[in-house]
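Written out below as structure tokens is the structure these notes cover.
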2 protein chains.
Amino acid sequence: MPIIAATKPPGRPRCQETRAAILQAAYDLLESGGLAAFTIEAVAERSGAAKTTVYRWWPTKGALAMESFLRASEVLSPFPETASPLADLRVQLRLFAKALGGRSGRLLAGIVAEAQLDPATRDAFIQSYVLPRRQAARRLLERGIALGEFRPDLDPDSLCDALYGAFYMRLLFGHAPIDEAAADGILDLLLHGIAAPDPRLK
Amino acid sequence: MPIIAATKPPGRPRCQETRAAILQAAYDLLESGGLAAFTIEAVAERSGAAKTTVYRWWPTKGALAMESFLRASEVLSPFPETASPLADLRVQLRLFAKALGGRSGRLLAGIVAEAQLDPATRDAFIQSYVLPRRQAARRLLERGIALGEFRPDLDPDSLCDALYGAFYMRLLFGHAPIDEAAADGILDLLLHGIAAPDPRLK
């Protein structure tokens with residue numbers, strides 16, 4: 001399924017097409033064989049691009065693998081931008097839950113495992129996947145604070161850890177389902193907190 | 001450091017000592033070499049127990065490894081029981097943060113990685129570590145609900161995922177520190193939620 005070509009970076013049309021073809025080939029390889037079978041050679045062969053072209057844009061196979069995974073995630077579970085960032089967050093989490101239930105979830109679990117064994121994979125994963133996704137989440141939260149939907153003193157980093165950590169935990173341990181109901185349950189918990197309600201509201 | 005002998009299960013004193021010695025030897029091996037170097041043979045040799053004795057109590061090396069890790073965790077980051085379950089939770093999370101910063105954190109990251117590659121490790125990890133720890137967390141939460149510190153409608157599973165998932169995320173990705181301040185930040189976020197405060201409280 002060509003899920004990457006839709007999001008093209010700026011640049012000359014020819015370059016854009018080549019980049020998109022390389023990223024698509026990279027993601028296809030990643031999805032079918034995980035990181036173990038992933039090589040720049042295989043990506044070049046599959047995309048029809050020269051190896052030197054691939055290396056010009058991505059210095060390491062980790063950087064290419066993670067950018068292709070990021071681009072696929074931006075299509076599978078985007079961060080919407082409507083007038084309600086809270087509603088956007090709910091949609092985002094539901095889409096993320098859906099993505100985790102499919103091949104991209106198994107791929108992500110494999111990447112997290114590999115990142116524990118190989119520091120280069122870990123660095124590429126953080127730099128080219130985790131941090132850009134966090135930037136998107138942070139922008140959503142800042143819009144929500146500005147619009148009065150989220151409390152102004154919330155710590156975006158702790159929130160991202162708690163919110164997305166809950167999904168990763170379910171993905172990695174498999175002790176509970178990851179679906180829309182789970183996404184809603186986790187968001188509602190985070191929204192309203194666990195402390196007993198203020199007695200002034202009773 | 002003998003950190004297991006302190007928590008003995010019921011049974012005849014001789015059996016208790018042998019069990020404690022086996023669990024301690026298992027944890028020492030696990031901490032020094034991870035799951036890769038962990039074998040029932042090595043545990044038997046180190047503890048002085050017969051291999052048949054070890055197999056009588058633990059059918060697989062995964063079950064033994066995870067029980068030894070659970071017992072060590074019960075000593076390093078116990079769930080206290082005082083008159084304030086909320087204060088207990090804060091202490092628990094601070095101790096857990098401290099444990100994750102040490103050797104037991106690196107060990108846990110390795111176990112999570114191995115669990116993605118090997119279903120038997122994953123099953124043993126869930127059954128002999130994750131679920132017993134969740135039981136302890138659930139008891140704490142239920143005490144807190146009964147005493148009016150936590151909201152009665154909270155979903156303990158989602159809470160455990162969000163709370164501990166945040167720590168696992170930091171452990172696995174290393175993008176942010178895991179310390180007392182982090183533990184307090186995550187707990188306070190979960191306590192009060194991220195929704196803008198109710199205007200009736202202004």
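Going through the structure tokens in order, the chains are called A, B, and so on, while each chain numbers its residues from 1 and the ligands are numbered from 1 in the order shown.
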Fit chain A to chain B, all Cα atoms paired in order, least squares. Then write it as an mmCIF file with C-alpha atoms, in the first residue's frame.
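The result, stored in superposed.cif:
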```
data_model
loop_
_atom_site.group_PDB
_atom_site.id
_atom_site.type_symbol
_atom_site.label_atom_id
_atom_site.label_comp_id
_atom_site.auth_asym_id
_atom_site.auth_seq_id
_atom_site.Cartn_x
_atom_site.Cartn_y
_atom_site.Cartn_z
ATOM 1 C CA MET A 1 24.168 -7.488 47.518
ATOM 2 C CA PRO A 2 21.806 -10.078 49.051
ATOM 3 C CA ILE A 3 18.480 -8.364 48.490
ATOM 4 C CA ILE A 4 16.198 -11.356 48.291
ATOM 5 C CA ALA A 5 16.750 -13.343 51.494
ATOM 6 C CA ALA A 6 14.733 -10.784 53.472
ATOM 7 C CA THR A 7 11.394 -11.826 51.950
ATOM 8 C CA LYS A 8 10.843 -15.489 52.704
ATOM 9 C CA PRO A 9 7.748 -17.384 51.651
ATOM 10 C CA PRO A 10 5.957 -19.587 54.210
ATOM 11 C CA GLY A 11 7.127 -23.218 54.460
ATOM 12 C CA ARG A 12 9.637 -25.331 56.341
ATOM 13 C CA PRO A 13 12.718 -23.287 57.337
ATOM 14 C CA ARG A 14 15.065 -25.537 55.337
ATOM 15 C CA CYS A 15 12.957 -25.167 52.203
ATOM 16 C CA GLN A 16 12.707 -21.429 52.720
ATOM 17 C CA GLU A 17 16.461 -21.129 52.919
ATOM 18 C CA THR A 18 17.010 -23.175 49.782
ATOM 19 C CA ARG A 19 14.388 -21.198 47.866
ATOM 20 C CA ALA A 20 15.875 -17.907 49.011
ATOM 21 C CA ALA A 21 19.383 -19.074 48.044
ATOM 22 C CA ILE A 22 18.167 -20.123 44.585
ATOM 23 C CA LEU A 23 16.288 -16.854 44.023
ATOM 24 C CA GLN A 24 19.292 -14.848 45.186
ATOM 25 C CA ALA A 25 21.644 -16.785 42.896
ATOM 26 C CA ALA A 26 19.160 -16.340 40.028
ATOM 27 C CA TYR A 27 18.941 -12.588 40.563
ATOM 28 C CA ASP A 28 22.718 -12.217 40.860
ATOM 29 C CA LEU A 29 23.177 -14.055 37.562
ATOM 30 C CA LEU A 30 20.437 -12.033 35.923
ATOM 31 C CA GLU A 31 21.888 -8.749 37.089
ATOM 32 C CA SER A 32 25.415 -9.570 35.985
ATOM 33 C CA GLY A 33 24.699 -11.169 32.593
ATOM 34 C CA GLY A 34 21.075 -10.452 31.689
ATOM 35 C CA LEU A 35 18.774 -13.112 30.275
ATOM 36 C CA ALA A 36 21.319 -14.194 27.646
ATOM 37 C CA ALA A 37 23.637 -15.876 30.171
ATOM 38 C CA PHE A 38 20.843 -17.158 32.396
ATOM 39 C CA THR A 39 20.525 -20.955 32.697
ATOM 40 C CA ILE A 40 19.080 -23.285 35.336
ATOM 41 C CA GLU A 41 22.489 -25.041 35.418
ATOM 42 C CA ALA A 42 24.283 -21.831 36.331
ATOM 43 C CA VAL A 43 21.711 -21.004 39.021
ATOM 44 C CA ALA A 44 22.006 -24.488 40.542
ATOM 45 C CA GLU A 45 25.794 -24.273 40.576
ATOM 46 C CA ARG A 46 25.837 -20.801 42.115
ATOM 47 C CA SER A 47 23.235 -21.569 44.789
ATOM 48 C CA GLY A 48 24.581 -25.013 45.675
ATOM 49 C CA ALA A 49 21.138 -26.559 45.078
ATOM 50 C CA ALA A 50 20.564 -29.626 42.922
ATOM 51 C CA LYS A 51 19.213 -28.947 39.416
ATOM 52 C CA THR A 52 16.277 -31.262 40.165
ATOM 53 C CA THR A 53 15.405 -29.100 43.176
ATOM 54 C CA VAL A 54 15.359 -25.974 41.031
ATOM 55 C CA TYR A 55 13.177 -27.652 38.396
ATOM 56 C CA ARG A 56 10.776 -28.883 41.083
ATOM 57 C CA TRP A 57 9.894 -25.288 41.980
ATOM 58 C CA TRP A 58 10.346 -23.529 38.620
ATOM 59 C CA PRO A 59 9.394 -25.394 35.462
ATOM 60 C CA THR A 60 11.246 -23.007 33.118
ATOM 61 C CA LYS A 61 14.234 -20.710 33.367
ATOM 62 C CA GLY A 62 11.958 -17.797 32.406
ATOM 63 C CA ALA A 63 9.708 -18.414 35.414
ATOM 64 C CA LEU A 64 12.727 -18.545 37.743
ATOM 65 C CA ALA A 65 14.347 -15.456 36.229
ATOM 66 C CA MET A 66 11.155 -13.417 36.495
ATOM 67 C CA GLU A 67 10.326 -14.548 40.030
ATOM 68 C CA SER A 68 13.817 -13.559 41.140
ATOM 69 C CA PHE A 69 13.342 -10.190 39.433
ATOM 70 C CA LEU A 70 9.941 -9.743 41.072
ATOM 71 C CA ARG A 71 11.360 -10.563 44.511
ATOM 72 C CA ALA A 72 14.217 -8.108 44.021
ATOM 73 C CA SER A 73 11.723 -5.431 42.908
ATOM 74 C CA GLU A 74 9.648 -6.031 46.028
ATOM 75 C CA VAL A 75 12.712 -5.088 48.057
ATOM 76 C CA LEU A 76 14.000 -2.237 45.852
ATOM 77 C CA SER A 77 10.630 -0.601 45.180
ATOM 78 C CA PRO A 78 7.965 -1.971 47.517
ATOM 79 C CA PHE A 79 4.375 -0.769 47.779
ATOM 80 C CA PRO A 80 4.179 0.715 51.283
ATOM 81 C CA GLU A 81 0.999 0.476 53.345
ATOM 82 C CA THR A 82 0.379 3.509 55.529
ATOM 83 C CA ALA A 83 -2.788 5.437 56.382
ATOM 84 C CA SER A 84 -2.413 7.418 53.137
ATOM 85 C CA PRO A 85 -2.391 5.305 49.958
ATOM 86 C CA LEU A 86 -1.702 8.488 47.979
ATOM 87 C CA ALA A 87 1.457 9.097 49.991
ATOM 88 C CA ASP A 88 2.282 5.390 49.540
ATOM 89 C CA LEU A 89 1.952 5.735 45.785
ATOM 90 C CA ARG A 90 4.301 8.707 45.773
ATOM 91 C CA VAL A 91 6.900 6.760 47.761
ATOM 92 C CA GLN A 92 6.446 3.736 45.471
ATOM 93 C CA LEU A 93 7.003 5.785 42.337
ATOM 94 C CA ARG A 94 10.064 7.520 43.757
ATOM 95 C CA LEU A 95 11.591 4.163 44.706
ATOM 96 C CA PHE A 96 10.711 2.734 41.306
ATOM 97 C CA ALA A 97 12.361 5.733 39.625
ATOM 98 C CA LYS A 98 15.471 5.176 41.729
ATOM 99 C CA ALA A 99 15.555 1.461 40.877
ATOM 100 C CA LEU A 100 15.170 2.184 37.155
ATOM 101 C CA GLY A 101 18.193 4.469 37.286
ATOM 102 C CA GLY A 102 20.387 1.573 38.459
ATOM 103 C CA ARG A 103 21.316 -1.904 37.234
ATOM 104 C CA SER A 104 17.813 -3.189 37.703
ATOM 105 C CA GLY A 105 16.621 -0.582 35.155
ATOM 106 C CA ARG A 106 19.063 -1.763 32.514
ATOM 107 C CA LEU A 107 18.058 -5.319 33.284
ATOM 108 C CA LEU A 108 14.377 -4.458 32.893
ATOM 109 C CA ALA A 109 15.015 -2.782 29.519
ATOM 110 C CA GLY A 110 16.814 -5.931 28.371
ATOM 111 C CA ILE A 111 13.942 -8.129 29.525
ATOM 112 C CA VAL A 112 11.407 -5.972 27.669
ATOM 113 C CA ALA A 113 13.544 -6.214 24.518
ATOM 114 C CA GLU A 114 13.902 -9.984 24.837
ATOM 115 C CA ALA A 115 10.151 -10.275 25.449
ATOM 116 C CA GLN A 116 9.552 -8.812 21.961
ATOM 117 C CA LEU A 117 11.709 -11.505 20.375
ATOM 118 C CA ASP A 118 10.721 -14.542 22.466
ATOM 119 C CA PRO A 119 7.084 -15.336 23.358
ATOM 120 C CA ALA A 120 8.103 -17.602 26.286
ATOM 121 C CA THR A 121 10.044 -14.738 27.880
ATOM 122 C CA ARG A 122 7.086 -12.455 27.291
ATOM 123 C CA ASP A 123 4.660 -14.870 28.958
ATOM 124 C CA ALA A 124 6.962 -15.397 31.946
ATOM 125 C CA PHE A 125 7.477 -11.638 32.254
ATOM 126 C CA ILE A 126 3.741 -10.919 32.217
ATOM 127 C CA GLN A 127 2.726 -13.766 34.523
ATOM 128 C CA SER A 128 5.576 -13.621 37.040
ATOM 129 C CA TYR A 129 6.409 -9.910 37.089
ATOM 130 C CA VAL A 130 3.884 -7.551 35.459
ATOM 131 C CA LEU A 131 0.681 -9.082 36.853
ATOM 132 C CA PRO A 132 1.862 -9.482 40.478
ATOM 133 C CA ARG A 133 3.138 -5.877 40.481
ATOM 134 C CA ARG A 134 -0.207 -4.730 39.061
ATOM 135 C CA GLN A 135 -2.016 -6.642 41.787
ATOM 136 C CA ALA A 136 -0.014 -4.702 44.367
ATOM 137 C CA ALA A 137 -0.770 -1.397 42.611
ATOM 138 C CA ARG A 138 -4.446 -2.293 42.400
ATOM 139 C CA ARG A 139 -4.607 -3.033 46.138
ATOM 140 C CA LEU A 140 -3.044 0.361 46.818
ATOM 141 C CA LEU A 141 -5.587 2.090 44.559
ATOM 142 C CA GLU A 142 -8.505 0.272 46.127
ATOM 143 C CA ARG A 143 -7.363 1.341 49.585
ATOM 144 C CA GLY A 144 -7.116 4.916 48.273
ATOM 145 C CA ILE A 145 -10.623 4.805 46.836
ATOM 146 C CA ALA A 146 -12.007 3.378 50.080
ATOM 147 C CA LEU A 147 -10.328 6.174 52.030
ATOM 148 C CA GLY A 148 -11.571 8.913 49.681
ATOM 149 C CA GLU A 149 -8.181 9.870 48.251
ATOM 150 C CA PHE A 150 -8.840 8.627 44.706
ATOM 151 C CA ARG A 151 -11.969 8.997 42.601
ATOM 152 C CA PRO A 152 -14.150 5.911 42.887
ATOM 153 C CA ASP A 153 -14.671 5.555 39.128
ATOM 154 C CA LEU A 154 -10.998 5.326 38.160
ATOM 155 C CA ASP A 155 -9.932 2.451 35.948
ATOM 156 C CA PRO A 156 -6.943 0.794 37.657
ATOM 157 C CA ASP A 157 -5.671 -0.802 34.434
ATOM 158 C CA SER A 158 -5.571 2.429 32.460
ATOM 159 C CA LEU A 159 -3.969 4.138 35.429
ATOM 160 C CA CYS A 160 -1.236 1.502 35.754
ATOM 161 C CA ASP A 161 -0.568 1.774 32.023
ATOM 162 C CA ALA A 162 -0.315 5.570 32.098
ATOM 163 C CA LEU A 163 1.635 5.815 35.334
ATOM 164 C CA TYR A 164 4.128 3.014 34.817
ATOM 165 C CA GLY A 165 4.095 3.387 31.018
ATOM 166 C CA ALA A 166 5.550 6.868 31.489
ATOM 167 C CA PHE A 167 8.501 5.378 33.375
ATOM 168 C CA TYR A 168 8.987 2.556 30.886
ATOM 169 C CA MET A 169 8.989 5.091 28.064
ATOM 170 C CA ARG A 170 11.774 7.046 29.726
ATOM 171 C CA LEU A 171 13.646 3.843 30.506
ATOM 172 C CA LEU A 172 13.396 2.489 26.962
ATOM 173 C CA PHE A 173 13.953 5.729 25.037
ATOM 174 C CA GLY A 174 16.203 7.640 27.446
ATOM 175 C CA HIS A 175 14.874 11.011 26.212
ATOM 176 C CA ALA A 176 14.267 12.361 29.735
ATOM 177 C CA PRO A 177 15.637 11.648 33.220
ATOM 178 C CA ILE A 178 14.024 9.189 35.643
ATOM 179 C CA ASP A 179 14.384 10.603 39.133
ATOM 180 C CA GLU A 180 12.301 11.752 42.090
ATOM 181 C CA ALA A 181 11.307 14.963 40.325
ATOM 182 C CA ALA A 182 10.147 12.964 37.293
ATOM 183 C CA ALA A 183 8.158 10.609 39.543
ATOM 184 C CA ASP A 184 6.486 13.559 41.260
ATOM 185 C CA GLY A 185 5.783 15.291 37.935
ATOM 186 C CA ILE A 186 4.118 12.214 36.468
ATOM 187 C CA LEU A 187 2.065 11.524 39.598
ATOM 188 C CA ASP A 188 0.901 15.139 39.925
ATOM 189 C CA LEU A 189 -0.126 15.176 36.281
ATOM 190 C CA LEU A 190 -2.133 11.988 36.770
ATOM 191 C CA LEU A 191 -3.622 13.228 40.022
ATOM 192 C CA HIS A 192 -5.046 16.485 38.757
ATOM 193 C CA GLY A 193 -5.547 15.762 35.068
ATOM 194 C CA ILE A 194 -4.873 17.962 32.078
ATOM 195 C CA ALA A 195 -8.303 19.467 31.444
ATOM 196 C CA ALA A 196 -8.578 23.169 32.215
ATOM 197 C CA PRO A 197 -9.866 23.618 35.797
ATOM 198 C CA ASP A 198 -13.596 23.722 36.305
ATOM 199 C CA PRO A 199 -14.648 27.408 36.139
ATOM 200 C CA ARG A 200 -16.770 26.860 39.278
ATOM 201 C CA LEU A 201 -13.487 26.604 41.219
ATOM 202 C CA LYS A 202 -12.178 29.967 40.070
#
```
Handout entry: Members of region 6-188 of chain A assigned helix (DSSP H, G or I) by DSSP, as a VMD selection string
Key = chain A and resid 13 to 33 40 to 47 51 to 57 61 to 76 85 to 100 103 to 117 119 to 146 156 to 173 180 to 188
